[in-house]
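Shown next: target.txt, containing compact mmCIF, C-alpha atoms.
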# COMPACT_ATOMS: atom_id res chain seq x y z
CA MET A 193 -109.82 56.04 183.02
CA TRP A 194 -111.96 59.19 182.62
CA LYS A 195 -108.94 61.35 183.25
CA ARG A 196 -107.14 59.67 180.34
CA VAL A 197 -110.16 60.14 178.08
CA LEU A 198 -110.32 63.82 179.04
CA ALA A 199 -106.56 64.16 178.49
CA VAL A 200 -106.87 62.68 175.00
CA ILE A 201 -109.90 64.79 174.05
CA ILE A 202 -108.34 68.04 175.24
CA GLY A 203 -105.02 67.08 173.66
CA MET A 204 -106.82 66.53 170.35
CA VAL A 205 -108.63 69.88 170.57
CA VAL A 206 -105.41 71.74 171.41
CA GLY A 207 -103.47 69.88 168.71
CA GLY A 208 -106.11 70.63 166.09
CA ALA A 209 -106.25 74.29 167.10
CA VAL A 210 -102.47 74.63 166.85
CA VAL A 211 -102.49 72.98 163.41
CA GLY A 212 -105.12 75.48 162.32
CA LEU A 213 -103.18 78.44 163.72
CA VAL A 214 -99.89 77.45 162.06
CA GLU A 215 -101.63 76.76 158.75
CA THR A 216 -103.35 80.16 159.00
CA LEU A 217 -99.97 81.78 159.57
CA GLY A 218 -98.74 79.99 156.46
CA HIS A 219 -101.68 81.36 154.46
CA LEU A 220 -100.93 84.88 155.69
CA ILE A 221 -97.30 84.61 154.58
CA PHE A 222 -98.12 82.73 151.35
CA PRO A 223 -101.62 83.88 150.31
CA ILE A 224 -103.73 81.46 148.29
CA ASP A 225 -105.96 82.52 145.43
CA LYS A 226 -109.34 81.25 146.65
CA SER A 227 -110.55 80.70 143.10
CA LEU A 228 -107.80 78.08 142.63
CA THR A 229 -108.75 76.05 145.68
CA SER A 230 -112.52 75.94 145.32
CA THR A 231 -112.52 72.57 143.52
CA PRO A 232 -110.60 69.33 144.08
CA GLN A 233 -108.81 69.80 140.73
CA GLY A 234 -107.94 73.36 141.71
CA ILE A 235 -106.44 72.17 144.99
CA LYS A 236 -104.40 69.55 143.13
CA THR A 237 -103.14 72.16 140.66
CA TYR A 238 -102.26 74.57 143.46
CA LEU A 239 -100.33 71.91 145.40
CA GLU A 240 -98.35 71.05 142.27
CA THR A 241 -97.32 74.69 141.74
CA ALA A 242 -97.24 76.06 145.29
CA PRO A 243 -93.98 77.56 146.56
CA PHE A 244 -91.85 75.38 148.84
CA GLY A 245 -92.42 77.70 151.80
CA ALA A 246 -96.19 77.41 151.52
CA LEU A 247 -95.98 73.62 151.51
CA ALA A 248 -93.40 73.55 154.30
CA PHE A 249 -95.97 75.07 156.65
CA LEU A 250 -98.01 71.85 156.43
CA PRO A 251 -95.53 69.52 158.18
CA LEU A 252 -94.60 72.36 160.55
CA ALA A 253 -98.26 72.73 161.48
CA TRP A 254 -98.63 68.98 161.96
CA PHE A 255 -95.48 68.82 164.11
CA PHE A 256 -96.45 71.71 166.39
CA GLY A 257 -100.04 70.49 166.60
CA ALA A 258 -98.99 66.95 167.49
CA PHE A 259 -96.43 68.16 170.01
CA SER A 260 -98.76 70.62 171.72
CA GLY A 261 -101.63 68.12 171.86
CA ALA A 262 -99.35 65.45 173.31
CA PHE A 263 -97.81 67.88 175.80
CA VAL A 264 -101.18 69.18 177.01
CA SER A 265 -102.43 65.63 177.49
CA THR A 266 -99.57 65.06 179.96
CA LEU A 267 -100.61 68.10 181.98
CA ILE A 268 -104.07 66.62 182.45
CA GLN A 269 -102.92 63.08 183.15
CA PRO A 270 -99.44 63.23 184.67
CA GLU A 271 -99.50 59.58 185.72
CA ARG A 272 -98.95 57.14 182.84
CA LYS A 273 -98.81 60.13 180.52
CA GLY A 274 -96.94 58.19 177.85
CA ILE A 275 -100.15 56.33 177.01
CA ALA A 276 -102.06 59.59 176.47
CA ILE A 277 -99.24 60.90 174.27
CA ILE A 278 -99.31 57.79 172.08
CA ILE A 279 -103.11 57.95 171.70
CA VAL A 280 -103.10 61.67 170.80
CA ILE A 281 -100.25 61.27 168.31
CA SER A 282 -101.90 58.22 166.73
CA ILE A 283 -105.25 59.93 166.25
CA LEU A 284 -103.63 63.05 164.79
CA LEU A 285 -101.59 60.87 162.42
CA ILE A 286 -104.78 59.11 161.30
CA GLY A 287 -106.34 62.53 160.61
CA THR A 288 -103.33 63.58 158.57
CA THR A 289 -103.50 60.31 156.64
CA PHE A 290 -107.15 60.98 155.75
CA ASN A 291 -106.03 64.41 154.53
CA PHE A 292 -103.52 62.65 152.24
CA ILE A 293 -106.22 60.33 150.91
CA PHE A 294 -108.60 63.13 149.95
CA ILE A 295 -106.07 65.80 148.91
CA PRO A 296 -103.09 64.79 146.75
CA HIS A 297 -99.85 66.14 148.24
CA PRO A 298 -96.27 66.11 146.92
CA THR A 299 -94.32 63.04 148.01
CA TRP A 300 -92.00 64.99 150.31
CA VAL A 301 -95.01 66.45 152.17
CA LEU A 302 -96.47 62.94 152.57
CA THR A 303 -93.15 61.66 153.94
CA ALA A 304 -92.72 64.61 156.28
CA GLY A 305 -96.33 64.28 157.44
CA VAL A 306 -95.81 60.67 158.43
CA LEU A 307 -92.50 61.39 160.18
CA VAL A 308 -93.37 64.52 162.17
CA HIS A 309 -96.02 62.84 164.32
CA PRO A 310 -93.77 60.23 165.94
CA LEU A 311 -91.00 62.83 166.23
CA ALA A 312 -93.37 65.20 168.03
CA GLY A 313 -94.51 62.37 170.29
CA ALA A 314 -90.94 61.37 171.07
CA LEU A 315 -90.06 64.97 171.90
CA ALA A 316 -93.09 65.26 174.19
CA ILE A 317 -92.09 62.02 175.92
CA LEU A 318 -88.51 63.26 176.38
CA ILE A 319 -89.53 66.68 177.67
CA THR A 320 -92.13 65.34 180.09
CA LYS A 321 -90.06 62.24 180.99
CA ALA A 322 -93.18 60.18 180.34
CA LYS A 323 -93.15 56.46 180.89
CA VAL A 324 -94.66 54.62 177.94
CA THR A 325 -95.01 51.27 179.72
CA LYS A 326 -97.83 50.42 182.08
CA ASP A 327 -97.03 50.88 185.77

Turn the structure described in the file into structure tokens.
Amino acid sequence: MWKRVLAVIIGMVVGGAVVGLVETLGHLIFPIDKSLTSTPQGIKTYLETAPFGALAFLPLAWFFGAFSGAFVSTLIQPERKGIAIIIVISILLIGTTFNFIFIPHPTWVLTAGVLVHPLAGALAILITKAKVTKD
């Protein structure tokens, strides 16, 4: 039980860190004018006019974050690792959904954001040959 909790917590930390790193890389490649994003209206305006590449880094960050968090959780709890993967992916998806609620995103980013989490989880399950059912 405690091992699963630890696996989920560390998976979440790793996943969040990877999301942050990939988004930072996106900001280095596509710099943002800080004066535009200092208010909610400024963020909305920026997202409506941002280049495709800048926005594409968001689902990429969510995918790599979800995958890495799920994968790391399996290293900590190799038995019944499918459960840890599902929990990590679900919590990260909830976090992304809250992001959508508070920051308006283009529809294609919303769609990609919802799809990348289960895809990342499925890939982690395939790579680690995790069993999703209880033993």

With a cut-off of 8 Å, could you pull out the residues of range 219-276 of chain A touching range 294-301 of chain A and give me the nearest pair of atoms for each, distance in Å to one decimal, using only C-alpha atoms, ordered by chain and ascending number, as a Markdown table?
| residue | atom | partner | partner_atom | distance |
| --- | --- | --- | --- | --- |
| A:Pro232 | CA | A:Ile295 | CA | 7.5 |
| A:Ile235 | CA | A:Ile295 | CA | 7.5 |
| A:Lys236 | CA | A:Pro296 | CA | 6.1 |
| A:Leu239 | CA | A:His297 | CA | 6.4 |
| A:Glu240 | CA | A:Pro298 | CA | 7.1 |
| A:Leu247 | CA | A:Val301 | CA | 7.3 |
| A:Ala248 | CA | A:Val301 | CA | 7.6 |
| A:Leu250 | CA | A:Val301 | CA | 7.5 |
| A:Pro251 | CA | A:Val301 | CA | 6.8 |

Produce a table with one row for each residue of range 234-289 of chain A that has an atom at most 12 Å from any atom of range 205-214 of chain A, each row naming the nearest atom pair and its distance in Å at one decimal; use all atoms listed in the file; arrange rows by chain and rising residue number; format as CSV.
residue,atom,partner,partner_atom,distance
A:Ala246,CA,A:Val214,CA,11.2
A:Leu247,CA,A:Val214,CA,11.9
A:Ala248,CA,A:Val214,CA,10.8
A:Phe249,CA,A:Val214,CA,7.1
A:Leu250,CA,A:Val214,CA,8.2
A:Pro251,CA,A:Val211,CA,9.4
A:Leu252,CA,A:Val214,CA,7.5
A:Ala253,CA,A:Val211,CA,4.7
A:Trp254,CA,A:Val211,CA,5.7
A:Phe255,CA,A:Val211,CA,8.2
A:Phe256,CA,A:Val210,CA,6.7
A:Gly257,CA,A:Gly207,CA,4.1
A:Ala258,CA,A:Gly207,CA,5.5
A:Phe259,CA,A:Gly207,CA,7.4
A:Ser260,CA,A:Gly207,CA,5.6
A:Gly261,CA,A:Gly207,CA,4.1
A:Ala262,CA,A:Gly207,CA,7.6
A:Phe263,CA,A:Gly207,CA,9.3
A:Val264,CA,A:Val206,CA,7.5
A:Ser265,CA,A:Val206,CA,9.1
A:Ile277,CA,A:Gly207,CA,11.4
A:Val280,CA,A:Gly207,CA,8.5
A:Ile281,CA,A:Gly207,CA,9.2
A:Ser282,CA,A:Gly207,CA,11.9
A:Ile283,CA,A:Gly207,CA,10.4
A:Leu284,CA,A:Gly207,CA,7.9
A:Leu285,CA,A:Gly207,CA,11.1
A:Gly287,CA,A:Gly208,CA,9.8
A:Thr288,CA,A:Val211,CA,10.6

Would you work out the distance separating CA of Thr237 in chain A from CA of Leu302 in chain A, expressed in Å to one decimal? 16.5 Å

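Interatomic distance, CA of His219 in chain A to CA of Pro310 in chain A: 25.3 Å.
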
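Taking CA of Ala304 in chain A and CA of Glu215 in chain A as endpoints, the distance between them is 15.3 Å.
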
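If you measure from each of A:Ser227, A:Thr216, A:Thr241, A:Thr266 to Ile317 in chain A using all atoms listed in the file, the closest one turns out to be A:Thr266.
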
Using all atoms listed in the file, which residues sit within 10 Å of Trp194 in chain A once same-chain residues fewer than 5 positions away are excluded, as a PDB file with C-alpha atoms, in the frame of the given file?
ATOM      1  CA  ALA A 199    -106.560  64.160 178.490  1.00  0.00           C
ATOM      2  CA  VAL A 200    -106.870  62.680 175.000  1.00  0.00           C
ATOM      3  CA  GLN A 269    -102.920  63.080 183.150  1.00  0.00           C
TER       4      GLN A 269
END

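Distances to Arg196 in chain A were evaluated for A:Ile221, A:Ile286, A:Leu315, A:Ile275 using all atoms listed in the file, and the minimum falls at A:Ile275.
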
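Nearest residue to Leu220 in chain A among A:Gly245, A:Ala316, A:Arg272, A:Ile293 is A:Gly245, counting only C-alpha atoms.
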
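Nearest residue to Met204 in chain A among A:Ala314, A:Gly305, A:Asn291, A:Ala276 is A:Ala276, counting all atoms listed in the file.
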